[in-house]
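Participant: For reference, this is input03.pdb, and it has PDB, C-alpha atoms.
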ATOM      1  CA  MET A   1       0.000   0.000   0.000  1.00  0.00           C
ATOM      2  CA  ASP A   2       1.271   3.468  -0.869  1.00  0.00           C
ATOM      3  CA  SER A   3       2.493   5.164   2.337  1.00  0.00           C
ATOM      4  CA  ASN A   4       1.293   8.595   1.176  1.00  0.00           C
ATOM      5  CA  TYR A   5      -2.201   7.160   0.651  1.00  0.00           C
ATOM      6  CA  SER A   6      -2.087   5.637   4.150  1.00  0.00           C
ATOM      7  CA  LEU A   7      -1.016   8.933   5.696  1.00  0.00           C
ATOM      8  CA  LEU A   8      -3.808  10.759   3.886  1.00  0.00           C
ATOM      9  CA  ARG A   9      -6.302   8.265   5.286  1.00  0.00           C
ATOM     10  CA  VAL A  10      -4.874   8.699   8.787  1.00  0.00           C
ATOM     11  CA  TRP A  11      -5.046  12.524   8.543  1.00  0.00           C
ATOM     12  CA  LYS A  12      -8.646  12.453   7.289  1.00  0.00           C
ATOM     13  CA  SER A  13      -9.578  10.000  10.038  1.00  0.00           C
ATOM     14  CA  THR A  14      -7.913  12.179  12.665  1.00  0.00           C
ATOM     15  CA  ALA A  15      -9.674  15.323  11.431  1.00  0.00           C
ATOM     16  CA  HIS A  16     -12.997  13.494  11.556  1.00  0.00           C
ATOM     17  CA  LYS A  17     -12.290  12.269  15.113  1.00  0.00           C
ATOM     18  CA  LEU A  18     -11.484  15.824  16.200  1.00  0.00           C
ATOM     19  CA  LYS A  19     -14.809  17.069  14.809  1.00  0.00           C
ATOM     20  CA  VAL A  20     -16.697  14.258  16.572  1.00  0.00           C
ATOM     21  CA  LEU A  21     -14.846  14.956  19.813  1.00  0.00           C
ATOM     22  CA  ALA A  22     -15.738  18.637  19.635  1.00  0.00           C
ATOM     23  CA  ALA A  23     -19.384  17.774  18.983  1.00  0.00           C
ATOM     24  CA  LEU A  24     -19.456  15.321  21.884  1.00  0.00           C
ATOM     25  CA  LEU A  25     -17.957  17.845  24.221  1.00  0.00           C
ATOM     26  CA  ASP A  26     -20.531  20.341  22.942  1.00  0.00           C
ATOM     27  CA  GLU A  27     -17.997  23.101  23.362  1.00  0.00           C
ATOM     28  CA  ARG A  28     -17.610  26.088  21.138  1.00  0.00           C
ATOM     29  CA  LEU A  29     -13.978  26.036  20.185  1.00  0.00           C
ATOM     30  CA  THR A  30     -12.412  29.348  19.416  1.00  0.00           C
ATOM     31  CA  MET A  31     -10.861  29.831  16.007  1.00  0.00           C
ATOM     32  CA  LYS A  32      -7.422  29.741  17.644  1.00  0.00           C
ATOM     33  CA  TRP A  33      -7.930  26.200  18.936  1.00  0.00           C
ATOM     34  CA  LEU A  34      -9.423  25.011  15.670  1.00  0.00           C
ATOM     35  CA  LEU A  35      -6.496  26.387  13.715  1.00  0.00           C
ATOM     36  CA  LEU A  36      -3.742  24.770  15.800  1.00  0.00           C
ATOM     37  CA  PRO A  37      -4.495  21.164  14.697  1.00  0.00           C
ATOM     38  CA  ILE A  38      -4.932  22.365  11.113  1.00  0.00           C
ATOM     39  CA  ILE A  39      -1.589  24.169  11.240  1.00  0.00           C
ATOM     40  CA  ALA A  40      -0.005  21.032  12.700  1.00  0.00           C
ATOM     41  CA  LEU A  41      -1.392  18.938   9.847  1.00  0.00           C
ATOM     42  CA  VAL A  42      -0.176  21.421   7.234  1.00  0.00           C
ATOM     43  CA  VAL A  43       3.322  21.543   8.718  1.00  0.00           C
ATOM     44  CA  LEU A  44       3.313  17.744   8.965  1.00  0.00           C
ATOM     45  CA  SER A  45       2.250  17.390   5.347  1.00  0.00           C
ATOM     46  CA  ILE A  46       5.030  19.747   4.226  1.00  0.00           C
ATOM     47  CA  SER A  47       7.586  17.774   6.228  1.00  0.00           C
ATOM     48  CA  MET A  48       6.225  14.526   4.799  1.00  0.00           C
ATOM     49  CA  VAL A  49       6.592  15.833   1.251  1.00  0.00           C
ATOM     50  CA  SER A  50      10.237  16.678   1.937  1.00  0.00           C
ATOM     51  CA  THR A  51      10.719  13.345   3.695  1.00  0.00           C
ATOM     52  CA  SER A  52       9.154  11.494   0.756  1.00  0.00           C
ATOM     53  CA  ALA A  53      11.900  12.914  -1.443  1.00  0.00           C
ATOM     54  CA  GLN A  54      14.431  11.170   0.775  1.00  0.00           C
ATOM     55  CA  SER A  55      12.488   8.024   1.687  1.00  0.00           C
ATOM     56  CA  GLU A  56      11.029   5.601  -0.773  1.00  0.00           C
ATOM     57  CA  THR A  57      10.997   2.263   1.013  1.00  0.00           C
ATOM     58  CA  THR A  58       8.233   1.870   3.601  1.00  0.00           C
ATOM     59  CA  THR A  59       9.008  -0.674   6.300  1.00  0.00           C
ATOM     60  CA  CYS A  60       5.895  -0.170   8.465  1.00  0.00           C
ATOM     61  CA  ALA A  61       2.503  -1.775   8.070  1.00  0.00           C
ATOM     62  CA  PRO A  62      -0.595   0.438   7.679  1.00  0.00           C
ATOM     63  CA  ASP A  63      -1.472  -0.271  11.329  1.00  0.00           C
ATOM     64  CA  ASP A  64       1.780   1.404  12.378  1.00  0.00           C
ATOM     65  CA  TYR A  65       0.433   4.695  11.067  1.00  0.00           C
ATOM     66  CA  VAL A  66      -2.365   4.448  13.621  1.00  0.00           C
ATOM     67  CA  ALA A  67       0.257   5.393  16.221  1.00  0.00           C
ATOM     68  CA  ILE A  68       0.852   8.624  14.317  1.00  0.00           C
ATOM     69  CA  ALA A  69      -2.910   9.277  14.271  1.00  0.00           C
ATOM     70  CA  ASP A  70      -3.047   8.684  18.034  1.00  0.00           C
ATOM     71  CA  LEU A  71      -0.149  11.098  18.501  1.00  0.00           C
ATOM     72  CA  LEU A  72      -2.026  13.723  16.471  1.00  0.00           C
ATOM     73  CA  GLU A  73      -5.169  13.238  18.551  1.00  0.00           C
ATOM     74  CA  THR A  74      -3.226  13.520  21.799  1.00  0.00           C
ATOM     75  CA  ALA A  75      -1.374  16.562  20.477  1.00  0.00           C
ATOM     76  CA  ALA A  76      -4.648  18.294  19.607  1.00  0.00           C
ATOM     77  CA  ALA A  77      -6.038  17.660  23.092  1.00  0.00           C
ATOM     78  CA  ASP A  78      -2.800  18.759  24.758  1.00  0.00           C
ATOM     79  CA  LEU A  79      -2.646  21.923  22.619  1.00  0.00           C
ATOM     80  CA  ARG A  80      -6.111  22.954  23.791  1.00  0.00           C
ATOM     81  CA  GLU A  81      -5.009  22.760  27.423  1.00  0.00           C
ATOM     82  CA  SER A  82      -1.454  24.062  27.088  1.00  0.00           C
ATOM     83  CA  ASP A  83      -0.259  27.395  28.409  1.00  0.00           C
ATOM     84  CA  ASP A  84       2.503  27.365  25.776  1.00  0.00           C
ATOM     85  CA  PRO A  85       1.061  25.656  22.676  1.00  0.00           C
ATOM     86  CA  GLY A  86       3.930  26.753  20.409  1.00  0.00           C
ATOM     87  CA  VAL A  87       6.545  24.770  22.335  1.00  0.00           C
ATOM     88  CA  LEU A  88       4.224  21.784  22.636  1.00  0.00           C
ATOM     89  CA  LEU A  89       3.457  21.873  18.907  1.00  0.00           C
ATOM     90  CA  THR A  90       7.181  21.831  18.086  1.00  0.00           C
ATOM     91  CA  GLU A  91       7.734  18.824  20.379  1.00  0.00           C
ATOM     92  CA  ARG A  92       4.836  16.889  18.845  1.00  0.00           C
ATOM     93  CA  LEU A  93       5.952  17.632  15.271  1.00  0.00           C
ATOM     94  CA  TYR A  94       9.411  16.316  16.124  1.00  0.00           C
ATOM     95  CA  GLN A  95       7.873  13.108  17.559  1.00  0.00           C
ATOM     96  CA  ILE A  96       5.804  12.659  14.403  1.00  0.00           C
ATOM     97  CA  ALA A  97       8.844  13.181  12.161  1.00  0.00           C
ATOM     98  CA  LEU A  98      10.755  10.551  14.155  1.00  0.00           C
ATOM     99  CA  ALA A  99       7.833   8.110  13.850  1.00  0.00           C
ATOM    100  CA  GLN A 100       7.837   8.594  10.072  1.00  0.00           C
ATOM    101  CA  ALA A 101      11.603   8.126   9.885  1.00  0.00           C
ATOM    102  CA  GLU A 102      11.277   4.878  11.871  1.00  0.00           C
ATOM    103  CA  CYS A 103       8.904   3.589   9.173  1.00  0.00           C
ATOM    104  CA  SER A 104      11.105   4.430   6.225  1.00  0.00           C
ATOM    105  CA  ALA A 105      14.445   3.449   4.836  1.00  0.00           C
ATOM    106  CA  LEU A 106      16.152   6.772   4.209  1.00  0.00           C
ATOM    107  CA  THR A 107      17.028   6.964   0.519  1.00  0.00           C
ATOM    108  CA  PHE A 108      18.983   9.668  -1.296  1.00  0.00           C
ATOM    109  CA  ASP A 109      20.042   9.793  -4.951  1.00  0.00           C
ATOM    110  CA  SER A 110      21.612  11.986  -7.610  1.00  0.00           C
ATOM    111  CA  ALA A 111      18.330  12.267  -9.528  1.00  0.00           C
ATOM    112  CA  THR A 112      16.845  14.140  -6.556  1.00  0.00           C
ATOM    113  CA  TYR A 113      19.861  15.981  -5.120  1.00  0.00           C
ATOM    114  CA  GLY A 114      22.293  16.405  -8.021  1.00  0.00           C
ATOM    115  CA  GLN A 115      25.793  15.129  -8.716  1.00  0.00           C
ATOM    116  CA  GLU A 116      27.696  16.735  -5.859  1.00  0.00           C
ATOM    117  CA  ALA A 117      25.293  17.557  -3.061  1.00  0.00           C
ATOM    118  CA  VAL A 118      25.091  18.680   0.535  1.00  0.00           C
ATOM    119  CA  ILE A 119      21.904  17.120   1.894  1.00  0.00           C
ATOM    120  CA  GLY A 120      20.204  17.981   5.137  1.00  0.00           C
ATOM    121  CA  PRO A 121      19.948  18.387   7.883  1.00  0.00           C
ATOM    122  CA  VAL A 122      18.732  14.774   7.954  1.00  0.00           C
ATOM    123  CA  THR A 123      17.383  13.204  11.157  1.00  0.00           C
ATOM    124  CA  ILE A 124      18.623   9.664  11.663  1.00  0.00           C
ATOM    125  CA  PRO A 125      16.722   8.015  14.536  1.00  0.00           C
ATOM    126  CA  ALA A 126      18.571   5.859  17.059  1.00  0.00           C
ATOM    127  CA  GLY A 127      19.497   2.444  15.732  1.00  0.00           C
ATOM    128  CA  VAL A 128      21.915   0.367  13.725  1.00  0.00           C
ATOM    129  CA  TYR A 129      21.700   0.776   9.957  1.00  0.00           C
ATOM    130  CA  ARG A 130      23.066  -0.911   6.858  1.00  0.00           C
ATOM    131  CA  LEU A 131      24.364   1.987   4.763  1.00  0.00           C
ATOM    132  CA  ILE A 132      24.377   1.046   1.083  1.00  0.00           C
ATOM    133  CA  ALA A 133      26.276   3.353  -1.270  1.00  0.00           C
ATOM    134  CA  THR A 134      25.946   2.774  -5.015  1.00  0.00           C
ATOM    135  CA  ALA A 135      27.858   4.536  -7.807  1.00  0.00           C
ATOM    136  CA  PRO A 136      29.391   3.245 -11.047  1.00  0.00           C
ATOM    137  CA  GLU A 137      32.846   4.802 -10.608  1.00  0.00           C
ATOM    138  CA  ILE A 138      34.612   6.932  -7.974  1.00  0.00           C
ATOM    139  CA  PHE A 139      32.318   8.048  -5.155  1.00  0.00           C
ATOM    140  CA  GLY A 140      32.796   9.816  -1.831  1.00  0.00           C
ATOM    141  CA  VAL A 141      30.263  10.251   0.990  1.00  0.00           C
ATOM    142  CA  GLY A 142      30.940  12.344   4.086  1.00  0.00           C
ATOM    143  CA  PHE A 143      28.864  13.065   7.175  1.00  0.00           C
ATOM    144  CA  THR A 144      28.880  16.092   9.456  1.00  0.00           C
ATOM    145  CA  VAL A 145      27.072  15.585  12.765  1.00  0.00           C
ATOM    146  CA  LEU A 146      25.098  18.697  13.710  1.00  0.00           C
ATOM    147  CA  SER A 147      23.461  17.394  16.883  1.00  0.00           C
ATOM    148  CA  GLY A 148      23.099  14.128  18.753  1.00  0.00           C
ATOM    149  CA  GLU A 149      25.477  11.203  18.470  1.00  0.00           C
ATOM    150  CA  CYS A 150      26.169   8.972  15.487  1.00  0.00           C
ATOM    151  CA  ASP A 151      28.941   7.800  13.197  1.00  0.00           C
ATOM    152  CA  ASP A 152      30.587  10.427  11.007  1.00  0.00           C
ATOM    153  CA  PRO A 153      32.647   8.384   8.565  1.00  0.00           C
ATOM    154  CA  PHE A 154      33.981   9.378   5.197  1.00  0.00           C
ATOM    155  CA  LEU A 155      33.296   6.592   2.725  1.00  0.00           C
ATOM    156  CA  GLY A 156      35.441   6.566  -0.398  1.00  0.00           C
ATOM    157  CA  TYR A 157      35.039   4.134  -3.278  1.00  0.00           C
ATOM    158  CA  THR A 158      37.266   3.866  -6.366  1.00  0.00           C
ATOM    159  CA  GLY A 159      37.277   1.792  -9.520  1.00  0.00           C
ATOM    160  CA  GLY A 160      33.666   0.669  -9.346  1.00  0.00           C
ATOM    161  CA  GLU A 161      33.818  -0.782  -5.802  1.00  0.00           C
ATOM    162  CA  ALA A 162      30.309   0.560  -5.153  1.00  0.00           C
ATOM    163  CA  ALA A 163      28.844  -0.384  -8.550  1.00  0.00           C
ATOM    164  CA  GLU A 164      26.765  -3.185  -7.007  1.00  0.00           C
ATOM    165  CA  GLY A 165      26.194  -1.363  -3.715  1.00  0.00           C
ATOM    166  CA  ALA A 166      28.969  -1.185  -1.126  1.00  0.00           C
ATOM    167  CA  GLN A 167      27.706  -1.795   2.421  1.00  0.00           C
ATOM    168  CA  SER A 168      28.822  -0.367   5.759  1.00  0.00           C
ATOM    169  CA  VAL A 169      27.402  -0.354   9.289  1.00  0.00           C
ATOM    170  CA  PHE A 170      26.129   3.025  10.523  1.00  0.00           C
ATOM    171  CA  GLU A 171      25.219   3.494  14.197  1.00  0.00           C
ATOM    172  CA  SER A 172      23.094   6.337  15.534  1.00  0.00           C
ATOM    173  CA  GLU A 173      22.036   7.336  19.021  1.00  0.00           C
ATOM    174  CA  GLY A 174      19.680   9.801  17.340  1.00  0.00           C
ATOM    175  CA  CYS A 175      21.325  12.579  15.379  1.00  0.00           C
ATOM    176  CA  ASP A 176      20.963  15.276  12.751  1.00  0.00           C
ATOM    177  CA  VAL A 177      23.585  15.180  10.002  1.00  0.00           C
ATOM    178  CA  LEU A 178      24.605  16.807   6.756  1.00  0.00           C
ATOM    179  CA  ILE A 179      25.467  14.300   4.033  1.00  0.00           C
ATOM    180  CA  GLU A 180      27.981  15.388   1.381  1.00  0.00           C
ATOM    181  CA  THR A 181      28.531  13.491  -1.857  1.00  0.00           C
ATOM    182  CA  GLU A 182      31.323  13.964  -4.376  1.00  0.00           C
ATOM    183  CA  HIS A 183      32.949  12.623  -7.550  1.00  0.00           C
ATOM    184  CA  ALA A 184      29.978  10.702  -9.008  1.00  0.00           C
ATOM    185  CA  ASP A 185      27.508  11.610 -11.739  1.00  0.00           C
ATOM    186  CA  THR A 186      25.042   8.904 -10.677  1.00  0.00           C
ATOM    187  CA  TRP A 187      24.794   7.699  -7.081  1.00  0.00           C
ATOM    188  CA  SER A 188      22.436   6.548  -4.332  1.00  0.00           C
ATOM    189  CA  ILE A 189      22.676   6.149  -0.554  1.00  0.00           C
ATOM    190  CA  VAL A 190      20.248   4.011   1.449  1.00  0.00           C
ATOM    191  CA  PHE A 191      20.036   3.643   5.232  1.00  0.00           C
ATOM    192  CA  GLU A 192      18.261   0.344   6.011  1.00  0.00           C
ATOM    193  CA  LYS A 193      17.405  -0.002   9.692  1.00  0.00           C
ATOM    194  CA  ILE A 194      18.707  -3.279  11.123  1.00  0.00           C
ATOM    195  CA  GLN A 195      17.673  -2.677  14.726  1.00  0.00           C
TER
END
Now, as a test, write the supplied structure out as structure tokens.
Facilitator:
Amino acid sequence: MDSNYSLLRVWKSTAHKLKVLAALLDERLTMKWLLLPIIALVVLSISMVSTSAQSETTTCAPDDYVAIADLLETAAADLRESDDPGVLLTERLYQIALAQAECSALTFDSATYGQEAVIGPVTIPAGVYRLIATAPEIFGVGFTVLSGECDDPFLGYTGGEAAEGAQSVFESEGCDVLIETEHADTWSIVFEKIQ
């Protein structure tokens, strides 16, 4: 099933649940409180569009997206009661982005980012990953850790070593990185979560 279709279903379901909840509570919500969940959904959809450019392989079942819907419902309720909804909204959006990253193999390629690119910042959730670098000739990949803790290797491949996909282990405690590629016209990098 297409992950974007699943997310759309989850968002529509969540919006419907919020309307039902408001009707059951028989409260008149001010425009401010109605707009906060809508703003959250818009920001989430924008982040998902940018994430979809970097992630193509979905590793979660459709039921896993229910957790994201539950997080949205909880966030909406918490936002209504919060004294500082802006900070709370930022925290919830970060949690949602991490949940999406957990469900996707992070994929980057030259068709999307160009021949020599600086990509990011990219959030790599905690875990152990199989990093697969593919390029027909010479290829270099470097990482700059911006926050959190994770590996920051420089991977260099010559003479077609990565033509079939060279693999390395990448460990993250949860970090934000910049990824820099060089020396290849056509390339791809995939982070497959092992655990």
Participant: Counting all atoms listed in the file, figure out which residue out of A:Tyr65, A:Phe191, A:Phe154, A:Phe108 gets nearest to Ile132 of chain A.
Facilitator: A:Phe191
Participant: Which residue is closest to Thr181 of chain A? Choose from A:Leu89, A:Leu155, A:Ala67, A:Ala163 and count only C-alpha atoms.
Facilitator: A:Leu155
Participant: Can you tell me how far atom CA of Val66 of chain A sits from atom CA of Glu149 of chain A, in Å to one decimal?
Facilitator: 29.1 Å
Participant: Closest to Cys150 of chain A among A:Ser188, A:Thr123, A:Ser168, A:Ser110, using only C-alpha atoms?
Facilitator: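 Of the candidates, the smallest distance to Cys150 of chain A is held by A:Thr123.
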Participant: Taking into account only C-alpha atoms, which residue in the set A:Ile119, A:Leu88, A:Ile96, A:Ala133 is nearest to Gly165 of chain A?
Facilitator: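 Using only C-alpha atoms, Gly165 of chain A sits closest to A:Ala133.
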Participant: Can you turn the PyMOL selection byres ((chain A and resi 134) around 10) into a concrete residue list for this file, as a PyMOL selection string?
Facilitator: chain A and resi 109+131-133+135-137+139+157+160-167+184+186-190
Participant: Can you tell me how far atom CA of Tyr113 of chain A sits from atom CA of Thr90 of chain A, in Å to one decimal?
Facilitator: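 Between atom CA of Tyr113 of chain A and atom CA of Thr90 of chain A the gap works out to 27.1 Å.
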Participant: Write out as a list in words each polymer residue whose atoms come within 10 Å of Val118 of chain A, counting all atoms listed in the file; drop sequence neighbours fewer than 6 positions from it.
Facilitator: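 The filter keeps Val141, Gly142, Phe143, Leu178, Ile179, Glu180, Thr181 and Glu182 of chain A.
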Participant: Run the PyMOL selection byres ((chain A and resi 148) around 10) against the file shown and list the residues it catches, as an mmCIF file with C-alpha atoms, in the coordinates of the input.
Facilitator:
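This went into result.cif:
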data_model
loop_
_atom_site.group_PDB
_atom_site.id
_atom_site.type_symbol
_atom_site.label_atom_id
_atom_site.label_comp_id
_atom_site.auth_asym_id
_atom_site.auth_seq_id
_atom_site.Cartn_x
_atom_site.Cartn_y
_atom_site.Cartn_z
ATOM 1 C CA THR A 123 17.383 13.204 11.157
ATOM 2 C CA ILE A 124 18.623 9.664 11.663
ATOM 3 C CA PRO A 125 16.722 8.015 14.536
ATOM 4 C CA ALA A 126 18.571 5.859 17.059
ATOM 5 C CA VAL A 145 27.072 15.585 12.765
ATOM 6 C CA LEU A 146 25.098 18.697 13.710
ATOM 7 C CA SER A 147 23.461 17.394 16.883
ATOM 8 C CA GLU A 149 25.477 11.203 18.470
ATOM 9 C CA CYS A 150 26.169 8.972 15.487
ATOM 10 C CA SER A 172 23.094 6.337 15.534
ATOM 11 C CA GLU A 173 22.036 7.336 19.021
ATOM 12 C CA GLY A 174 19.680 9.801 17.340
ATOM 13 C CA CYS A 175 21.325 12.579 15.379
ATOM 14 C CA ASP A 176 20.963 15.276 12.751
ATOM 15 C CA VAL A 177 23.585 15.180 10.002
#
Participant: With all atoms listed in the file as the basis for distance, which of A:Leu106, A:Leu72, A:Gly120, A:Gly140 is at the shortest distance from Glu91 of chain A?
Facilitator: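 Among the listed residues, the smallest separation from Glu91 of chain A belongs to A:Leu72.
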Participant: Using 4 Å of padding on each side, determine the axis-aligned box around all atoms of segment 148-167 of chain A present in the file and give its centre and edge lengths in Å to one decimal, as AutoDock Vina command-line options.
Facilitator:
--center_x 30.2 --center_y 5.5 --center_z 4.6 --size_x 22.2 --size_y 25.3 --size_z 36.3
